[in-house]
$ cat protein-v1.txt   # compact mmCIF, C-alpha atoms
# COMPACT_ATOMS: atom_id res chain seq x y z
CA MET A 1036 8.33 -3.55 -23.70
CA ASN A 1037 9.72 -5.43 -20.71
CA ILE A 1038 9.96 -3.99 -17.21
CA PHE A 1039 13.66 -3.12 -17.51
CA GLU A 1040 13.17 -1.23 -20.77
CA LEU A 1041 10.20 0.61 -19.25
CA PHE A 1042 12.29 1.62 -16.25
CA VAL A 1043 15.17 2.88 -18.42
CA GLN A 1044 12.76 4.85 -20.59
CA SER A 1045 10.93 6.35 -17.61
CA ALA A 1046 13.93 6.75 -15.27
CA PRO A 1047 14.40 10.54 -15.64
CA ARG A 1048 10.76 11.27 -14.77
CA LEU A 1049 10.72 8.66 -11.99
CA MET A 1050 13.89 10.06 -10.43
CA GLN A 1051 12.38 13.54 -10.56
CA GLY A 1052 9.25 12.23 -8.84
CA LEU A 1053 11.34 10.38 -6.28
CA GLY A 1054 13.28 13.56 -5.57
CA MET A 1055 10.00 15.39 -4.94
CA THR A 1056 8.86 12.59 -2.63
CA VAL A 1057 12.09 12.75 -0.63
CA GLU A 1058 11.99 16.57 -0.44
CA LEU A 1059 8.34 16.54 0.65
CA THR A 1060 9.05 13.89 3.28
CA LEU A 1061 12.17 15.55 4.70
CA VAL A 1062 10.62 19.01 4.99
CA SER A 1063 7.51 17.54 6.60
CA LEU A 1064 9.55 15.48 9.07
CA LEU A 1065 11.63 18.47 10.13
CA ILE A 1066 8.50 20.47 10.92
CA ALA A 1067 6.86 17.41 12.50
CA ALA A 1068 9.87 16.98 14.78
CA VAL A 1069 9.38 20.49 16.16
CA LEU A 1070 5.62 19.96 16.55
CA GLY A 1071 6.12 16.54 18.11
CA LEU A 1072 8.59 17.81 20.68
CA LEU A 1073 6.48 20.87 21.50
CA PHE A 1074 3.18 19.06 21.91
CA GLY A 1075 4.86 16.06 23.53
CA LEU A 1076 6.18 18.38 26.22
CA PHE A 1077 2.75 19.99 26.46
CA SER A 1078 1.28 16.52 27.06
CA VAL A 1079 3.40 15.99 30.18
CA SER A 1080 3.24 19.58 31.35
CA ARG A 1081 2.07 20.40 34.85
CA THR A 1082 -0.20 23.05 33.32
CA ILE A 1083 -3.71 21.80 32.55
CA PHE A 1084 -4.16 24.35 29.76
CA LEU A 1085 -1.09 23.11 27.88
CA ARG A 1086 -2.10 19.49 28.34
CA GLY A 1087 -5.55 20.38 27.01
CA ILE A 1088 -4.12 22.03 23.89
CA ALA A 1089 -1.98 18.95 23.23
CA ARG A 1090 -4.94 16.59 23.68
CA VAL A 1091 -7.17 18.57 21.33
CA TYR A 1092 -4.51 18.70 18.60
CA ILE A 1093 -3.53 15.04 18.91
CA ASN A 1094 -7.11 13.75 19.09
CA ILE A 1095 -8.25 15.78 16.07
CA ILE A 1096 -5.34 14.64 13.90
CA ARG A 1097 -5.44 11.01 15.01
CA GLY A 1098 -9.23 10.93 14.76
CA THR A 1099 -9.46 11.99 11.10
CA PRO A 1100 -8.04 10.32 7.96
CA LEU A 1101 -4.97 11.91 6.43
CA ILE A 1102 -6.65 12.25 3.04
CA VAL A 1103 -9.44 14.32 4.66
CA GLN A 1104 -6.79 16.55 6.23
CA ILE A 1105 -5.14 17.00 2.83
CA PHE A 1106 -8.42 17.98 1.18
CA PHE A 1107 -9.32 20.29 4.07
CA ILE A 1108 -6.01 22.14 3.85
CA TYR A 1109 -5.81 22.31 0.05
CA PHE A 1110 -9.47 22.93 -0.83
CA GLY A 1111 -11.09 23.97 2.47
CA ILE A 1112 -8.65 26.70 3.40
CA ALA A 1113 -8.68 28.04 -0.16
CA SER A 1114 -12.48 28.19 -0.11
CA GLY A 1115 -12.93 29.47 3.44
CA LEU A 1116 -10.09 31.96 3.68
CA GLY A 1117 -9.47 32.78 0.05
CA VAL A 1118 -5.86 31.65 0.36
CA ARG A 1119 -4.52 29.56 -2.52
CA LEU A 1120 -1.87 27.08 -1.43
CA SER A 1121 0.41 25.23 -3.80
CA ALA A 1122 0.14 21.43 -3.79
CA PHE A 1123 3.61 21.19 -2.23
CA THR A 1124 2.80 23.64 0.58
CA ALA A 1125 -0.53 21.96 1.32
CA GLY A 1126 1.19 18.57 1.31
CA VAL A 1127 3.89 19.73 3.72
CA ILE A 1128 1.31 21.22 6.10
CA ALA A 1129 -0.85 18.09 6.04
CA LEU A 1130 2.03 15.65 6.50
CA SER A 1131 3.67 17.82 9.16
CA LEU A 1132 0.50 18.14 11.23
CA ASN A 1133 -0.22 14.44 10.88
CA ALA A 1134 3.27 13.20 11.69
CA GLY A 1135 3.61 15.84 14.43
CA ALA A 1136 0.61 14.45 16.31
CA TYR A 1137 1.97 10.91 16.25
CA SER A 1138 5.45 12.17 17.12
CA ALA A 1139 3.98 14.00 20.11
CA GLU A 1140 2.66 10.68 21.43
CA ILE A 1141 6.09 9.14 20.87
CA VAL A 1142 7.71 11.96 22.86
CA ARG A 1143 5.13 11.66 25.63
CA GLY A 1144 5.65 7.91 25.84
CA GLY A 1145 9.42 8.31 25.87
CA ILE A 1146 9.32 10.87 28.67
CA GLU A 1147 6.92 8.79 30.74
CA SER A 1148 9.16 5.74 30.32
CA VAL A 1149 11.87 7.49 32.34
CA PRO A 1150 11.48 6.65 36.05
CA LYS A 1151 9.88 9.50 37.99
CA GLY A 1152 12.72 9.30 40.47
CA GLN A 1153 15.00 10.83 37.85
CA MET A 1154 13.03 14.07 37.84
CA GLU A 1155 12.75 14.07 41.62
CA ALA A 1156 16.49 13.58 41.98
CA ALA A 1157 17.21 16.39 39.52
CA ARG A 1158 14.84 18.75 41.31
CA SER A 1159 16.34 17.85 44.68
CA LEU A 1160 19.70 18.97 43.32
CA GLY A 1161 18.22 22.39 42.61
CA LEU A 1162 17.64 22.11 38.87
CA PRO A 1163 14.59 23.99 37.56
CA TYR A 1164 11.90 21.86 35.91
CA THR A 1165 12.77 22.93 32.36
CA MET A 1166 16.50 22.34 32.85
CA ALA A 1167 15.88 18.97 34.48
CA MET A 1168 13.67 18.01 31.55
CA ARG A 1169 16.25 19.16 29.00
CA ARG A 1170 19.38 17.74 30.63
CA VAL A 1171 18.16 14.71 32.54
CA ILE A 1172 14.85 13.37 31.21
CA LEU A 1173 14.99 14.01 27.45
CA PRO A 1174 18.47 12.46 26.90
CA GLN A 1175 17.20 9.24 28.49
CA ALA A 1176 13.86 9.39 26.69
CA ILE A 1177 15.54 9.75 23.30
CA LYS A 1178 17.03 6.26 23.67
CA THR A 1179 13.52 4.84 23.96
CA MET A 1180 12.06 7.04 21.26
CA ALA A 1181 14.71 6.62 18.54
CA PRO A 1182 13.52 3.37 16.88
CA THR A 1183 9.88 4.51 16.97
CA ILE A 1184 10.81 7.85 15.44
CA VAL A 1185 12.48 6.07 12.52
CA ASN A 1186 9.30 4.00 12.09
CA GLN A 1187 7.31 7.23 11.98
CA CYS A 1188 9.64 8.46 9.23
CA ILE A 1189 8.79 5.33 7.25
CA ILE A 1190 5.07 5.91 7.75
CA THR A 1191 5.37 9.54 6.64
CA LEU A 1192 7.31 8.50 3.53
CA LYS A 1193 4.53 6.08 2.59
CA ASP A 1194 1.84 8.63 3.44
CA SER A 1195 3.47 11.12 1.07
CA SER A 1196 1.99 9.12 -1.82
CA LEU A 1197 -1.45 10.42 -0.79
CA ILE A 1198 -0.39 13.94 -1.78
CA SER A 1199 -0.78 12.76 -5.39
CA VAL A 1200 -4.55 13.30 -4.98
CA ILE A 1201 -4.00 17.07 -5.18
CA GLY A 1202 -1.74 16.82 -8.21
CA LEU A 1203 1.77 17.12 -6.74
CA ALA A 1204 4.23 15.43 -9.10
CA GLU A 1205 5.76 13.11 -6.52
CA LEU A 1206 6.63 9.48 -7.33
CA THR A 1207 3.10 8.06 -7.31
CA GLN A 1208 1.66 10.89 -9.40
CA VAL A 1209 4.50 10.61 -11.91
CA GLY A 1210 3.77 6.92 -12.20
CA ARG A 1211 0.12 7.64 -12.91
CA LEU A 1212 1.05 10.15 -15.62
CA ILE A 1213 3.41 7.69 -17.29
CA ILE A 1214 0.71 5.00 -17.24
CA ALA A 1215 -1.71 7.46 -18.86
CA ASN A 1216 0.72 7.69 -21.80
CA ASN A 1217 1.76 4.07 -22.30
CA PHE A 1218 -0.91 2.03 -20.45
CA GLU A 1219 1.80 -0.17 -18.89
CA SER A 1220 -0.05 -0.27 -15.58
CA LEU A 1221 1.20 -3.57 -14.15
CA ARG A 1222 4.86 -2.98 -14.97
CA MET A 1223 4.88 0.66 -13.89
CA TRP A 1224 3.26 0.01 -10.53
CA THR A 1225 5.73 -2.83 -10.03
CA ILE A 1226 8.61 -0.43 -10.65
CA ILE A 1227 7.18 2.18 -8.30
CA GLY A 1228 6.53 -0.45 -5.65
CA ILE A 1229 10.13 -1.65 -5.89
CA MET A 1230 11.42 1.93 -5.56
CA TYR A 1231 9.36 2.53 -2.43
CA PHE A 1232 10.37 -0.89 -1.10
CA ILE A 1233 14.09 -0.16 -1.45
CA ILE A 1234 13.87 3.16 0.38
CA ILE A 1235 11.65 1.75 3.12
CA MET A 1236 13.91 -1.27 3.61
CA ILE A 1237 16.90 1.04 4.07
CA LEU A 1238 14.99 2.97 6.74
CA THR A 1239 13.81 -0.29 8.32
CA LYS A 1240 17.38 -1.55 8.59
CA LEU A 1241 18.35 1.79 10.11
CA SER A 1242 15.57 1.40 12.67
CA GLN A 1243 16.72 -2.11 13.53
CA TYR A 1244 20.32 -0.92 13.87
CA ILE A 1245 19.31 1.90 16.19
CA GLU A 1246 17.17 -0.48 18.23
CA ARG A 1247 20.08 -2.90 18.62
CA LYS A 1248 22.40 -0.07 19.68
CA MET A 1249 19.86 1.19 22.20
CA SER A 1250 19.30 -2.32 23.58
CA TYR A 1251 23.06 -2.86 23.84
CA GLY A 1252 23.42 0.40 25.72
CA LYS A 1253 20.73 -0.62 28.20
CA GLY A 1254 22.38 -4.00 28.66
CA LYS A 1255 25.69 -2.34 29.52
CA ASN A 1256 23.98 -0.22 32.22
$ encode --input "protein-v1.txt" --output "structure tokens"
Amino acid sequence: MNIFELFVQSAPRLMQGLGMTVELTLVSLLIAAVLGLLFGLFSVSRTIFLRGIARVYINIIRGTPLIVQIFFIYFGIASGLGVRLSAFTAGVIALSLNAGAYSAEIVRGGIESVPKGQMEAARSLGLPYTMAMRRVILPQAIKTMAPTIVNQCIITLKDSSLISVIGLAELTQVGRLIIANNFESLRMWTIIGIMYFIIIMILTKLSQYIERKMSYGKGKN
């Protein structure tokens, strides 16, 4: 069986696995966006307590491997609290927390890239801190953050393959199950690699497009 015949034969299962991968990634990224914005704002807050919360969260997540976080959420919580999570739910929580921590650093970096004079000018005009942040600082920071955020989306998509360790039938796990039936390991992993590559290249091109648009906008200013 050549690689094309194997793909045609396995396409329905692979597409189902790919759909699960995309769903897992999108849901996780939506939650991560909220977490990233929240803890990113905490990181630049004038309140020491909020900055401390952000530092603890970010350092714990960035200081531990994602696979350990997955096992902790799926097996540890079930054992410690007696709560049984589905593989999808555990995967979403793990990916969201992980991507949220890195997104928080992206938000913090984007905000800090805006000249401090912008905030001072906004405050001198009578805008409260929160309104100045929302209407003056964040719109400028987003231009800096956009390409990096797309890169984080790519990383999260690739990291979603680790959820296969807890049995979720995403693309990598489906590939493993197919190999268990036909033993076409080399060809199947080649197919799966190509599928990931195509999706990631699309996102990479999107990132490059956004970066060019942002650079063009800065050049016009």
$ residues_around --input "protein-v1.txt" --residues "stretch 1217-1220 of chain A" --least-positions-apart "3" --cutoff "12 Å" --atoms "all atoms listed in the file" --output "PyMOL selection string"
chain A and resi 1036-1038+1040-1042+1044-1045+1210-1214+1223-1228
$ closest_residue --input "protein-v1.txt" --among "A:Ser1063, A:Ser1148, A:Thr1179, A:Ser1138" --to "A:Ile1096" --atoms "only C-alpha atoms"
A:Ser1138
$ closest_residue --input "protein-v1.txt" --among "A:Ala1139, A:Met1180, A:Leu1070, A:Met1055" --to "A:Gln1208" --atoms "all atoms listed in the file"
A:Met1055
$ closest_atom_pairs --input "protein-v1.txt" --of "stretch 1056-1137 of chain A" --to "stretch 1173-1178 of chain A" --cutoff "12 Å" --atoms "all atoms listed in the file" --output "tab-separated table"
residue	atom	partner	partner_atom	distance
A:Leu1072	CA	A:Leu1173	CA	10.1
A:Gly1075	CA	A:Leu1173	CA	11.1
A:Leu1076	CA	A:Leu1173	CA	9.9
$ atom_distance --input "protein-v1.txt" --atom1 "atom CA of A:Ile1112" --atom2 "atom CA of A:Leu1197"
18.3 Å
$ closest_residue --input "protein-v1.txt" --among "A:Gly1135, A:Arg1086, A:Ile1141, A:Ile1172" --to "A:Gln1153" --atoms "all atoms listed in the file"
A:Ile1172
$ closest_residue --input "protein-v1.txt" --among "A:Ala1046, A:Asp1194, A:Leu1162, A:Gly1071" --to "A:Pro1100" --atoms "all atoms listed in the file"
A:Asp1194
$ residues_around --input "protein-v1.txt" --residues "A:Phe1110" --least-positions-apart "4" --cutoff "10 Å" --atoms "only C-alpha atoms" --output "list of chain:residue names"
A:Gln1104, A:Ile1105, A:Phe1106, A:Ser1114, A:Gly1115, A:Gly1117, A:Val1118, A:Arg1119, A:Leu1120, A:Ala1125, A:Ile1201
$ closest_residue --input "protein-v1.txt" --among "A:Ala1113, A:Ala1204, A:Ile1237, A:Val1079" --to "A:Met1168" --atoms "only C-alpha atoms"
A:Val1079
$ atom_distance --input "protein-v1.txt" --atom1 "atom CA of A:Gly1052" --atom2 "atom CA of A:Thr1183"
26.9 Å
$ residues_around --input "protein-v1.txt" --residues "A:Leu1101" --least-positions-apart "6" --cutoff "12 Å" --atoms "all atoms listed in the file" --output "list in words"
Ile1095, Phe1107, Ile1108, Gly1126, Ile1128, Ala1129, Leu1130, Ser1131, Leu1132, Asn1133, Ala1134, Ala1136, Ile1190, Thr1191, Lys1193, Asp1194, Ser1195, Ser1196, Leu1197, Ile1198 and Val1200 of chain A
$ atom_distance --input "protein-v1.txt" --atom1 "atom CA of A:Leu1059" --atom2 "atom CA of A:Val1103"
18.4 Å
$ closest_residue --input "protein-v1.txt" --among "A:Val1142, A:Glu1147, A:Val1209, A:Leu1065" --to "A:Ala1089" --atoms "all atoms listed in the file"
A:Val1142
$ decode --input "protein-v1.txt" --residues "stretch 1066-1080 of chain A" --atoms "all heavy atoms" --output "PDB file, in the first residue's frame"
ATOM      1  N   ILE A1066     -10.011  30.567  25.666  1.00  0.00           N
ATOM      2  CA  ILE A1066      -9.857  30.698  27.118  1.00  0.00           C
ATOM      3  C   ILE A1066      -8.499  31.314  27.457  1.00  0.00           C
ATOM      4  O   ILE A1066      -8.393  32.180  28.343  1.00  0.00           O
ATOM      5  CB  ILE A1066     -10.011  29.332  27.804  1.00  0.00           C
ATOM      6  CG1 ILE A1066     -11.408  28.762  27.542  1.00  0.00           C
ATOM      7  CG2 ILE A1066      -9.755  29.441  29.312  1.00  0.00           C
ATOM      8  CD1 ILE A1066     -11.607  27.334  28.028  1.00  0.00           C
ATOM      9  N   ALA A1067      -7.459  30.898  26.726  1.00  0.00           N
ATOM     10  CA  ALA A1067      -6.117  31.431  26.958  1.00  0.00           C
ATOM     11  C   ALA A1067      -6.053  32.928  26.684  1.00  0.00           C
ATOM     12  O   ALA A1067      -5.312  33.655  27.357  1.00  0.00           O
ATOM     13  CB  ALA A1067      -5.104  30.695  26.091  1.00  0.00           C
ATOM     14  N   ALA A1068      -6.828  33.391  25.712  1.00  0.00           N
ATOM     15  CA  ALA A1068      -6.841  34.821  25.399  1.00  0.00           C
ATOM     16  C   ALA A1068      -7.358  35.629  26.591  1.00  0.00           C
ATOM     17  O   ALA A1068      -6.812  36.692  26.929  1.00  0.00           O
ATOM     18  CB  ALA A1068      -7.696  35.084  24.168  1.00  0.00           C
ATOM     19  N   VAL A1069      -8.414  35.114  27.223  1.00  0.00           N
ATOM     20  CA  VAL A1069      -8.968  35.782  28.403  1.00  0.00           C
ATOM     21  C   VAL A1069      -7.951  35.759  29.553  1.00  0.00           C
ATOM     22  O   VAL A1069      -7.694  36.782  30.194  1.00  0.00           O
ATOM     23  CB  VAL A1069     -10.288  35.117  28.838  1.00  0.00           C
ATOM     24  CG1 VAL A1069     -10.804  35.747  30.128  1.00  0.00           C
ATOM     25  CG2 VAL A1069     -11.330  35.228  27.736  1.00  0.00           C
ATOM     26  N   LEU A1070      -7.364  34.585  29.785  1.00  0.00           N
ATOM     27  CA  LEU A1070      -6.369  34.457  30.852  1.00  0.00           C
ATOM     28  C   LEU A1070      -5.153  35.328  30.571  1.00  0.00           C
ATOM     29  O   LEU A1070      -4.614  35.991  31.482  1.00  0.00           O
ATOM     30  CB  LEU A1070      -5.933  32.999  31.002  1.00  0.00           C
ATOM     31  CG  LEU A1070      -6.977  32.008  31.513  1.00  0.00           C
ATOM     32  CD1 LEU A1070      -6.422  30.581  31.466  1.00  0.00           C
ATOM     33  CD2 LEU A1070      -7.410  32.365  32.931  1.00  0.00           C
ATOM     34  N   GLY A1071      -4.708  35.336  29.320  1.00  0.00           N
ATOM     35  CA  GLY A1071      -3.535  36.128  28.961  1.00  0.00           C
ATOM     36  C   GLY A1071      -3.760  37.612  29.162  1.00  0.00           C
ATOM     37  O   GLY A1071      -2.883  38.318  29.692  1.00  0.00           O
ATOM     38  N   LEU A1072      -4.925  38.094  28.752  1.00  0.00           N
ATOM     39  CA  LEU A1072      -5.226  39.509  28.931  1.00  0.00           C
ATOM     40  C   LEU A1072      -5.340  39.859  30.409  1.00  0.00           C
ATOM     41  O   LEU A1072      -4.784  40.860  30.875  1.00  0.00           O
ATOM     42  CB  LEU A1072      -6.529  39.867  28.204  1.00  0.00           C
ATOM     43  CG  LEU A1072      -6.989  41.324  28.306  1.00  0.00           C
ATOM     44  CD1 LEU A1072      -5.942  42.261  27.739  1.00  0.00           C
ATOM     45  CD2 LEU A1072      -8.334  41.512  27.601  1.00  0.00           C
ATOM     46  N   LEU A1073      -6.042  39.011  31.159  1.00  0.00           N
ATOM     47  CA  LEU A1073      -6.248  39.259  32.590  1.00  0.00           C
ATOM     48  C   LEU A1073      -4.924  39.291  33.343  1.00  0.00           C
ATOM     49  O   LEU A1073      -4.621  40.274  34.048  1.00  0.00           O
ATOM     50  CB  LEU A1073      -7.164  38.182  33.173  1.00  0.00           C
ATOM     51  CG  LEU A1073      -7.469  38.282  34.673  1.00  0.00           C
ATOM     52  CD1 LEU A1073      -8.240  39.553  34.966  1.00  0.00           C
ATOM     53  CD2 LEU A1073      -8.256  37.060  35.135  1.00  0.00           C
ATOM     54  N   PHE A1074      -4.131  38.247  33.196  1.00  0.00           N
ATOM     55  CA  PHE A1074      -2.881  38.171  33.942  1.00  0.00           C
ATOM     56  C   PHE A1074      -1.810  39.086  33.357  1.00  0.00           C
ATOM     57  O   PHE A1074      -0.893  39.498  34.068  1.00  0.00           O
ATOM     58  CB  PHE A1074      -2.389  36.727  34.017  1.00  0.00           C
ATOM     59  CG  PHE A1074      -3.164  35.892  34.989  1.00  0.00           C
ATOM     60  CD1 PHE A1074      -4.210  35.084  34.566  1.00  0.00           C
ATOM     61  CD2 PHE A1074      -2.868  35.928  36.346  1.00  0.00           C
ATOM     62  CE1 PHE A1074      -4.941  34.328  35.467  1.00  0.00           C
ATOM     63  CE2 PHE A1074      -3.598  35.177  37.257  1.00  0.00           C
ATOM     64  CZ  PHE A1074      -4.634  34.373  36.816  1.00  0.00           C
ATOM     65  N   GLY A1075      -1.923  39.422  32.074  1.00  0.00           N
ATOM     66  CA  GLY A1075      -1.024  40.419  31.500  1.00  0.00           C
ATOM     67  C   GLY A1075      -1.256  41.780  32.117  1.00  0.00           C
ATOM     68  O   GLY A1075      -0.313  42.509  32.433  1.00  0.00           O
ATOM     69  N   LEU A1076      -2.536  42.125  32.305  1.00  0.00           N
ATOM     70  CA  LEU A1076      -2.868  43.387  32.971  1.00  0.00           C
ATOM     71  C   LEU A1076      -2.461  43.355  34.442  1.00  0.00           C
ATOM     72  O   LEU A1076      -2.006  44.361  34.990  1.00  0.00           O
ATOM     73  CB  LEU A1076      -4.365  43.677  32.836  1.00  0.00           C
ATOM     74  CG  LEU A1076      -4.853  44.010  31.419  1.00  0.00           C
ATOM     75  CD1 LEU A1076      -6.370  44.102  31.375  1.00  0.00           C
ATOM     76  CD2 LEU A1076      -4.237  45.318  30.939  1.00  0.00           C
ATOM     77  N   PHE A1077      -2.639  42.185  35.077  1.00  0.00           N
ATOM     78  CA  PHE A1077      -2.168  42.044  36.460  1.00  0.00           C
ATOM     79  C   PHE A1077      -0.667  42.305  36.552  1.00  0.00           C
ATOM     80  O   PHE A1077      -0.183  42.910  37.517  1.00  0.00           O
ATOM     81  CB  PHE A1077      -2.457  40.632  36.979  1.00  0.00           C
ATOM     82  CG  PHE A1077      -3.890  40.407  37.396  1.00  0.00           C
ATOM     83  CD1 PHE A1077      -4.851  41.393  37.244  1.00  0.00           C
ATOM     84  CD2 PHE A1077      -4.277  39.192  37.943  1.00  0.00           C
ATOM     85  CE1 PHE A1077      -6.175  41.187  37.626  1.00  0.00           C
ATOM     86  CE2 PHE A1077      -5.590  38.970  38.336  1.00  0.00           C
ATOM     87  CZ  PHE A1077      -6.539  39.966  38.168  1.00  0.00           C
ATOM     88  N   SER A1078       0.084  41.858  35.546  1.00  0.00           N
ATOM     89  CA  SER A1078       1.545  41.973  35.567  1.00  0.00           C
ATOM     90  C   SER A1078       2.013  43.423  35.546  1.00  0.00           C
ATOM     91  O   SER A1078       3.097  43.732  36.056  1.00  0.00           O
ATOM     92  CB  SER A1078       2.163  41.228  34.374  1.00  0.00           C
ATOM     93  OG  SER A1078       1.928  39.843  34.460  1.00  0.00           O
ATOM     94  N   VAL A1079       1.225  44.296  34.946  1.00  0.00           N
ATOM     95  CA  VAL A1079       1.615  45.718  34.876  1.00  0.00           C
ATOM     96  C   VAL A1079       0.779  46.572  35.818  1.00  0.00           C
ATOM     97  O   VAL A1079       0.822  47.801  35.746  1.00  0.00           O
ATOM     98  CB  VAL A1079       1.487  46.242  33.428  1.00  0.00           C
ATOM     99  CG1 VAL A1079       2.441  45.492  32.509  1.00  0.00           C
ATOM    100  CG2 VAL A1079       0.050  46.123  32.909  1.00  0.00           C
ATOM    101  N   SER A1080       0.035  45.906  36.672  1.00  0.00           N
ATOM    102  CA  SER A1080      -0.821  46.638  37.612  1.00  0.00           C
ATOM    103  C   SER A1080       0.017  47.411  38.623  1.00  0.00           C
ATOM    104  O   SER A1080       1.150  47.039  38.942  1.00  0.00           O
ATOM    105  CB  SER A1080      -1.739  45.653  38.351  1.00  0.00           C
ATOM    106  OG  SER A1080      -2.450  46.298  39.384  1.00  0.00           O
TER     107      SER A1080
END
